[in-house]
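Take a look at the structure set out below.
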2 protein chains.
Amino acid sequence: MNRQIVLAARPIGYPKESDFKLIETPIPTPEEGQVLVKTLFLSVDPYMRGRMNQTRSYAPNVEYNEVMVGGVIAQVVESKHADFQVGDIVNAHIGWQEYGVAKGEELRKVDPTLAPISTGIGILGMPGLTAYFGLLEVGELKDGETVFVSGAAGAVGSVVGQIAKIKGCRVVGSAGTDEKIKFVLDNLGFDAAFNYKNVTDYHAKLAELCPDGIDVYFDNVGGLITDAVFPNLRIKGRVVICGQISQYNLEKPETGPRFLWHLITKRARIEGFLVFDFVEQHPQALKQMAEWLQQGKLKYRETITEGGIEKAPAAFISMLKGGNIGKQLVKVAEPN
Amino acid sequence: MNRQIVLAARPIGYPKESDFKLIETPIPTPEEGQVLVKTLFLSVDPYMRGRMNQTRSYAPNVEYNEVMVGGVIAQVVESKHADFQVGDIVNAHIGWQEYGVAKGEELRKVDPTLAPISTGIGILGMPGLTAYFGLLEVGELKDGETVFVSGAAGAVGSVVGQIAKIKGCRVVGSAGTDEKIKFVLDNLGFDAAFNYKNVTDYHAKLAELCPDGIDVYFDNVGGLITDAVFPNLRIKGRVVICGQISQYNLEKPETGPRFLWHLITKRARIEGFLVFDFVEQHPQALKQMAEWLQQGKLKYRETITEGGIEKAPAAFISMLKGGNIGKQLVKVAEPN
């Protein structure tokens with residue numbers, strides 16, 4: 001049987017385990033051009049919280065009793081597509097389930113000799129690409145600039161900071177535990193970082209750590225930290241909106257200070273993006289990222305929840321609350 | 001004697017006439033390379049409100065007993081610069097006074113045969129250039145898009161809407177009196193407009209008037225109207241922050257709903273700018289604007305306060321409260 005996690009209730013505030021339901025269905029059969037895959041690692045990501053809402057976002061929301069969306073690293077079990085052989089490791093978007101079918105065109109092969117296969121949904125997957133395009137294309141980062149990244153120890157933020165270091169930038173980060181701060185300073189080479197739970201005046205802290213101002217702010221969190229960035233922007237500063245995780249689980253929308261006038265005096269820009277908008281450039285970016293990884297210029301950490309697909313809701317909720325360092329994964333099965 | 005308006009007190013909330021003081025000083029004498037000019041028309045603009053504050057903005061603030069900043073149309077009275085003759089009409093930045101000296105390099109000649117000279121601080125001056133560069137360069141307007149402009153009947157907004165019409169766009173505006181709405185609809189060719197004082201649900205109104213969404217929002221006002229734009233933006237929409245006049249005279253800063261997550265789903269951009277950043281392109285833009293003016297494609301209106309330099313504070317305060325249609329000017333003297 002195929003075990004799947006489906007949406008049982010639309011969360012109010014933080015999701016609860018009872019908002020999800022484990023069901024069993026027959027393992028599907030691939031048709032011509034399709035491939036049956038078995039999930040090895042499941043990715044849980046902040047964007048999935050938005051898909052649980054009623055409101056339509058850039059992508060359709062998940063309906064009741066529908067399998068939760070998400071990317072996985074999987075192994076080909078049966079192939080009716082010429083490009084895929086049984087045993088191949090692939091990146092697939094089959095969601096929170098043990099088995100799924102997908103068209104060959106929807107799969108991306110993962111090279112297990114390049115790096116551990118789990119990186120295919122981490123630093124060499126969507127989060128890594130999000131960091132790459134957000135910082136370099138949307139943020140138009142220039143060598144030697146000052147970069148501030150919130151959610152610095154997460155799957156995206158940890159890569160943002162390291163790419164900025166490769167580009168010779170001063171890199172400052174924020175995160176929510178002392179362990180995360182130690183990680184980005186000692187392991188990732190950030191120039192400075194602060195635990196936002198131990199700081200009350202973010203404005204003053206950013207002014208202290210970025211005395212010449214911020215050229216690029218890569219925003220994963222929104223809220224009070226983001227508010228404090230605008231007065232600290234440099235002329236022609238860029239704010240890249242990747243995520244707003246501080247806002248996703250609010251029961252009532254927050255208000256905040258109006259800040260748009262700062263954009264006039266600073267001639268600054270705020271821009272949102274989706275990694276899918278750069279899909280044609282993904283292969284070349286992955287090549288560059290893999291090269292940096294092999295050169296030791298990029299490091300990564302994963303928080304892997306063991307115990308199979310039934311642990312996905314708990315892992316997801318923990319990630320939303322900041323329980324992870326680096327990429328949060330669920331280990332679903334061993335490869336054959 | 002030279003009559004000047006100087007800053008007497010830093011306003012709290014809306015400026016009062018008592019925040020200004022009229023003083024008399026000797027008429028200055030130009031040195032080598034300088035020109036003595038006599039003010040004919042004085043421009044009062046929203047940005048001047050920011051210069052009255054203690055906080056340093058993109059330009060130094062005005063100090064106590066210092067002449068208020070501002071652009072004027074003036075006539076050359078005495079010239080020690082080879083490029084300027086007595087009687088020439090020029091655009092100068094001498095502030096709120098009857099006479100001033102400036103270096104020749106700081107003056108721009110105004111051609112009185114092209115259009116009434118007052119347009120040199122209006123549609124063929126800073127406000128017109130602000131509309132031009134904000135819409136076409138910062139907003140990257142494309143033919144046929146939908147444009148919404150707040151402060152639509154003002155010196156900048158009225159030009160924004162007309163340039164957008166020249167580019168074949170659908171143009172919607174907001175303003176604060178029925179007379180202004182009639183002006184932009186009947187005289188300037190806007191496709192739709194609403195009096196924001198008669199509307200309670202800006203979100204619904206924008207959805208009604210821009211059923212396919214907003215490609216470019218040219219923001220002169222900020223606040224509640226701007227809040228309502230974000231949910232109505234189209235994919236890849238651009239928000240151009242030119243002014244935030246609704247915020248300039250608040251005694252306490254306002255808060256508003258957080259909206260940055262809209263930028264992700266819409267892959268949208270918000271960008272502030274200053275017209276001075278495009279100074280090298282000003283001549284070619286002025287040439288284009290003058291051509292459109294002569295072809296009848298651009299129209300303009302002026303609200304001219306008579307009575308000399310002593311009327312500048314009242315005209316300025318009235319403009320901040322929306323008393324003007326088109327460019328607000330003060331007539332200071334007749335040309336010789």
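Residues in the structure tokens are numbered from 1 in each chain, the chains being A, B, ... in the order shown, and ligands are numbered from 1 in the order shown.
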
- Task: Pull out every residue of chain B that has at least one atom within 9 Å of chain A, counting only C-alpha atoms, and report them as a ChimeraX atom specification.
- Result: /B:57-59,222-223,241-244,247,253-258,260-274,277

- Once the least-squares fit of chain A onto chain B is done over all Cα atoms matched in order, how many Å of RMSD are left?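 C-alpha RMSD after optimal superposition stands at 0.0 Å.
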
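Using only C-alpha atoms, the residues found no farther than 9 Å from A:Met48, other than those of its own chain fewer than 2 positions away, are Val44, Asp45, Pro46, Gly50, Arg51, Met52, Met68, Val69, Gly70 and Phe316 of chain A.
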
- DSSP on the backbone, then: every residue of stretch 135-334 of chain B marked helix (DSSP H, G or I), written as a ChimeraX atom specification. /B:135-138,157-166,178-187,196-198,202-209,224-232,245-248,260-266,275-294,309-320

- So which one's closest to A:Pro112, A:Ile94, A:Thr303, A:Ala74, A:Val138? Using only C-alpha atoms, please. A:Ala74

If you count only C-alpha atoms, which residues fall within 12 Å of B:Pro211, apart from same-chain ones fewer than 4 positions away, as an mmCIF file with C-alpha atoms, in the first residue's frame?
```cif
data_model
loop_
_atom_site.group_PDB
_atom_site.id
_atom_site.type_symbol
_atom_site.label_atom_id
_atom_site.label_comp_id
_atom_site.auth_asym_id
_atom_site.auth_seq_id
_atom_site.Cartn_x
_atom_site.Cartn_y
_atom_site.Cartn_z
ATOM 1 C CA THR B 146 -2.970 49.498 -16.761
ATOM 2 C CA VAL B 147 -1.704 52.433 -14.687
ATOM 3 C CA ARG B 170 -5.575 52.350 -19.406
ATOM 4 C CA VAL B 172 -7.090 55.265 -13.467
ATOM 5 C CA ALA B 192 -11.575 56.264 -14.744
ATOM 6 C CA HIS B 203 -9.641 47.627 -2.517
ATOM 7 C CA ALA B 204 -13.041 46.985 -4.072
ATOM 8 C CA LYS B 205 -12.968 50.265 -5.983
ATOM 9 C CA LEU B 206 -9.594 49.449 -7.543
ATOM 10 C CA ALA B 207 -10.755 45.932 -8.377
ATOM 11 C CA ASP B 215 0.624 46.921 -13.914
ATOM 12 C CA ASN B 232 -4.733 44.410 -6.974
ATOM 13 C CA LEU B 233 -1.285 44.246 -8.563
ATOM 14 C CA ARG B 234 -0.744 42.084 -11.609
#
```

- Message: When you look at A:Ala131 with a cut-off of 12 Å (counting only C-alpha atoms), what residues show up, excluding the ones that are within fewer than 3 positions of it in the same chain? I need them as a count of residues only.
- Response: 43
